[in-house]
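Step one of this worksheet: look at the structure below.
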Amino acid sequence: MEIKDTIIIAEEFGDTAGARDYEDGDFSGKEFYDKFLLPRFKKAIQGNYILLIDLKDFWGWPSSFVSGSFGILSKEYTAKTVLEHLQIKCLANPMKEEKAKYIINNPDKQ
Amino acid sequence: MRIFFRYILTPILTLLIGIAIGKLINDWPKFKINYEVKVTDIFKIVTTIAVGIFIPLIVKKLIDDKRSKNDNLLEELSAFSKMIENMNNYIHELYKNKKIISKDKDYINMQFDITGKEVKEICNFLEENCSTKTSTLLLDMKNAYFSYWQISTSIAVIGSSIRKIDDSTFKNISQEYTEMTKKIRLVKSDILKN
């Protein structure tokens with residue numbers, strides 16, 4: 001499978017990660033999920049390609065944001081499907097990729 | 001009694017042993033020195049001396065190298081452990097003061113970005129230099145770090161409506177911190193063992 005779509009979060013969504021839900025303030029994980037992640041991920045599944053999430057220049061990576069976006073996606077589509085169609089890239093801090101994978105694999109863990 | 005042993009018995013025994021050794025060398029066996037020396041014999045002697053000198057040196061160097069490598073690994077882990085401890089102290093202060101403001105939330109976020117990079121570098125470094133068993137312990141340590149990050153940057157800490165860290169969240173953070181330090185200690189002791 002090849003990468004056919006890329007979301008550079010800092011350019012399309014905002015340069016700072018918020019918290020989890022809309023009521024927790026701007027740039028929440030849920031807002032990112034609703035407006036960017038879910039629609040583009042659905043297209044990736046339909047077109048059978050990989051969606052790349054680029055964390056270049058994106059500040060912060062709290063678990064509340066990650067579980068509010070990638071965690072929900074994993075609950076909705078299973079970790080296996082999400083990891084098949086989604087790739088996360090952060091050259092400056094590769095641990096962010098691993099943190100996201102951890103949440104995707106453990107979406108129910110509080 | 002001590003004087004008897006020291007000044008009478010010991011010299012007598014020494015004298016008797018000396019006479020016995022002298023007699024033994026004098027009477028039996030009779031040595032005959034062969035002055036014909038072969039080149040191969042010289043080579044054998046030189047090789048034996050070289051092996052006798054170099055093997056202990058090589059072994060010593062290997063031990064020193066391993067010790068200094070282990071010291072480096074432990075130093076890296078201690079630095080990381082200190083970072084996590086500072087972070088925990090900061091959260092502890094916030095809990096004690098019953099107040100958390102947006103600046104504190106940003107600080108926690110930033111610190112987890114920094115410690116995240118540190119964990120990644122340490123794990124890469126250790127994986128290259130450690131045994132398979134240590135790699136398993138490293139994976140446990142990494143997962144403990146993820147759990148600690150998960151609870152410390154959860155909505156109960158960085159949510160915009162949160163004004164203080166509640167008892168239950170602080171208890172969970174402390175538990176994860178303890179777990180994390182336990183895993184770091186396990187990695188350290190495994191490095192020391194090997």
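Identifiers in this document derive from the order of the structure tokens: chains are assigned A, B, ..., residues are numbered from 1 separately in each chain, and ligands are numbered from 1 in order of occurrence.
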>> Need to verify the contact set: Gly14 in chain A, 9 Å, only C-alpha atoms, exclusion of same-chain residues closer than 5 positions in sequence. Can you return it as a list in words?
In response: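 Everything that qualifies: Ile9, Phe27 and Phe58 of chain A.
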Writer output for current selection, C-alpha atoms, as a PDB file, in the first residue's frame:
```pdb
ATOM      1  CA  ILE A   9      -1.405  19.026  11.158  1.00  0.00           C
ATOM      2  CA  PHE A  27      -7.660  22.498  18.865  1.00  0.00           C
ATOM      3  CA  PHE A  58       3.190  20.682  15.719  1.00  0.00           C
TER       4      PHE A  58
END
```
>> I'd like the contact shell of Leu86 in chain A - 8 Å cut-off, only C-alpha atoms, skipping same-chain residues fewer than 4 positions apart - returned as a ChimeraX atom specification.
In response: /A:41,50-53,82
> Which residue gives the smallest distance to Ile100 in chain B among B:Thr136, B:Asn172, B:Asn124, B:Ser161, with only C-alpha atoms counted?
Replying inline: B:Ser161
> Once you count only C-alpha atoms, which residues of chain A turn out to be within 9 Å of chain B? Could you give them as an MDAnalysis selection string?
Replying inline: chainID A and resid 18:21 23:25 59:65 67 92:96 98:99 102:103 109:110
Can you spit out the residues from that selection as a PDB file, in the first residue's frame, using C-alpha atoms?
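Heads up, here's the output in selection31.pdb:
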```
ATOM      1  CA  GLY A  18      -5.269  21.041  22.692  1.00  0.00           C
ATOM      2  CA  ALA A  19      -6.959  18.597  25.024  1.00  0.00           C
ATOM      3  CA  ARG A  20      -9.537  15.910  24.303  1.00  0.00           C
ATOM      4  CA  ASP A  21     -13.057  17.249  23.678  1.00  0.00           C
ATOM      5  CA  GLU A  23     -15.459  21.668  25.761  1.00  0.00           C
ATOM      6  CA  ASP A  24     -11.785  21.417  26.736  1.00  0.00           C
ATOM      7  CA  GLY A  25     -10.875  24.322  24.498  1.00  0.00           C
ATOM      8  CA  TRP A  59       3.711  21.606  19.353  1.00  0.00           C
ATOM      9  CA  GLY A  60       2.805  19.301  22.243  1.00  0.00           C
ATOM     10  CA  TRP A  61       1.447  15.781  22.201  1.00  0.00           C
ATOM     11  CA  PRO A  62      -0.714  15.237  25.274  1.00  0.00           C
ATOM     12  CA  SER A  63      -2.404  11.869  25.681  1.00  0.00           C
ATOM     13  CA  SER A  64      -5.786  13.600  25.915  1.00  0.00           C
ATOM     14  CA  PHE A  65      -5.373  14.944  22.363  1.00  0.00           C
ATOM     15  CA  SER A  67      -6.817   9.555  22.670  1.00  0.00           C
ATOM     16  CA  ALA A  92      11.991  15.891  15.197  1.00  0.00           C
ATOM     17  CA  ASN A  93      10.588  13.608  17.888  1.00  0.00           C
ATOM     18  CA  PRO A  94       9.942  10.009  16.769  1.00  0.00           C
ATOM     19  CA  MET A  95       8.630   9.172  20.226  1.00  0.00           C
ATOM     20  CA  LYS A  96       5.413  10.979  19.273  1.00  0.00           C
ATOM     21  CA  GLU A  98       5.275   5.589  19.258  1.00  0.00           C
ATOM     22  CA  LYS A  99       3.014   7.366  21.735  1.00  0.00           C
ATOM     23  CA  TYR A 102       0.553   3.030  22.020  1.00  0.00           C
ATOM     24  CA  ILE A 103      -2.822   4.799  22.261  1.00  0.00           C
ATOM     25  CA  LYS A 109      -6.700   2.234  28.772  1.00  0.00           C
ATOM     26  CA  GLN A 110      -7.319   5.353  30.887  1.00  0.00           C
TER      27      GLN A 110
END
```
>> Let's see if you can do this: from backbone DSSP, list all alpha helix (DSSP H) residues in range 10-181 of chain B, as a count of residues only.
In response: 145
> Restricting the calculation to only C-alpha atoms, which member of A:Asp15, A:Ile8, A:Ser69, A:Lys80 is positioned closest to Tyr33 in chain A?
Replying inline: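 Among the listed residues, the smallest separation from Tyr33 in chain A belongs to A:Ser69.
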>> Please identify the strand (DSSP E) residues within chain A (assignment by DSSP from backbone atoms) and present them as a list in words.
In response: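 Secondary structure check on chain A, strand (DSSP E): Ile3, Lys4, Asp5, Thr6, Ile7, Ile8, Ile50, Leu51, Leu52, Ile53, Asp54, Leu86, Gln87, Ile88 and Lys89 of chain A.
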Kindly save the residues from that selection, with C-alpha atoms included, as a short mmCIF file (atom, residue, chain, number, x, y, z; two decimals), in the first residue's frame.
```cif
data_model
loop_
_atom_site.label_atom_id
_atom_site.label_comp_id
_atom_site.auth_asym_id
_atom_site.auth_seq_id
_atom_site.Cartn_x
_atom_site.Cartn_y
_atom_site.Cartn_z
CA ILE A 3 0.86 6.85 0.78
CA LYS A 4 -1.58 8.92 -1.28
CA ASP A 5 -2.67 11.56 1.19
CA THR A 6 -0.91 13.59 3.87
CA ILE A 7 -2.22 15.75 6.67
CA ILE A 8 0.40 18.19 7.92
CA ILE A 50 -2.15 4.98 3.47
CA LEU A 51 -2.90 8.33 5.05
CA LEU A 52 0.21 10.03 6.42
CA ILE A 53 -0.05 12.27 9.46
CA ASP A 54 2.91 14.63 9.56
CA LEU A 86 -2.34 5.27 8.85
CA GLN A 87 1.26 6.34 9.23
CA ILE A 88 2.46 8.97 11.65
CA LYS A 89 5.68 10.85 11.01
#
```
> Can you tell me how far CA of Glu75 in chain B sits from CA of Glu97 in chain A, in Å to one decimal?
Replying inline: 26.2 Å
> If we count only C-alpha atoms, what is near Asn48 in chain A at a cut-off of 8 Å, once residues fewer than 4 positions away on the same chain are taken out, given as a ChimeraX atom specification?
Replying inline: /A:1,44,85
> Just how far from CA of Pro107 in chain A is CA of Lys75 in chain A, in Å to one decimal?
Replying inline: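 CA of Pro107 in chain A lies at a distance of 6.4 Å from CA of Lys75 in chain A.
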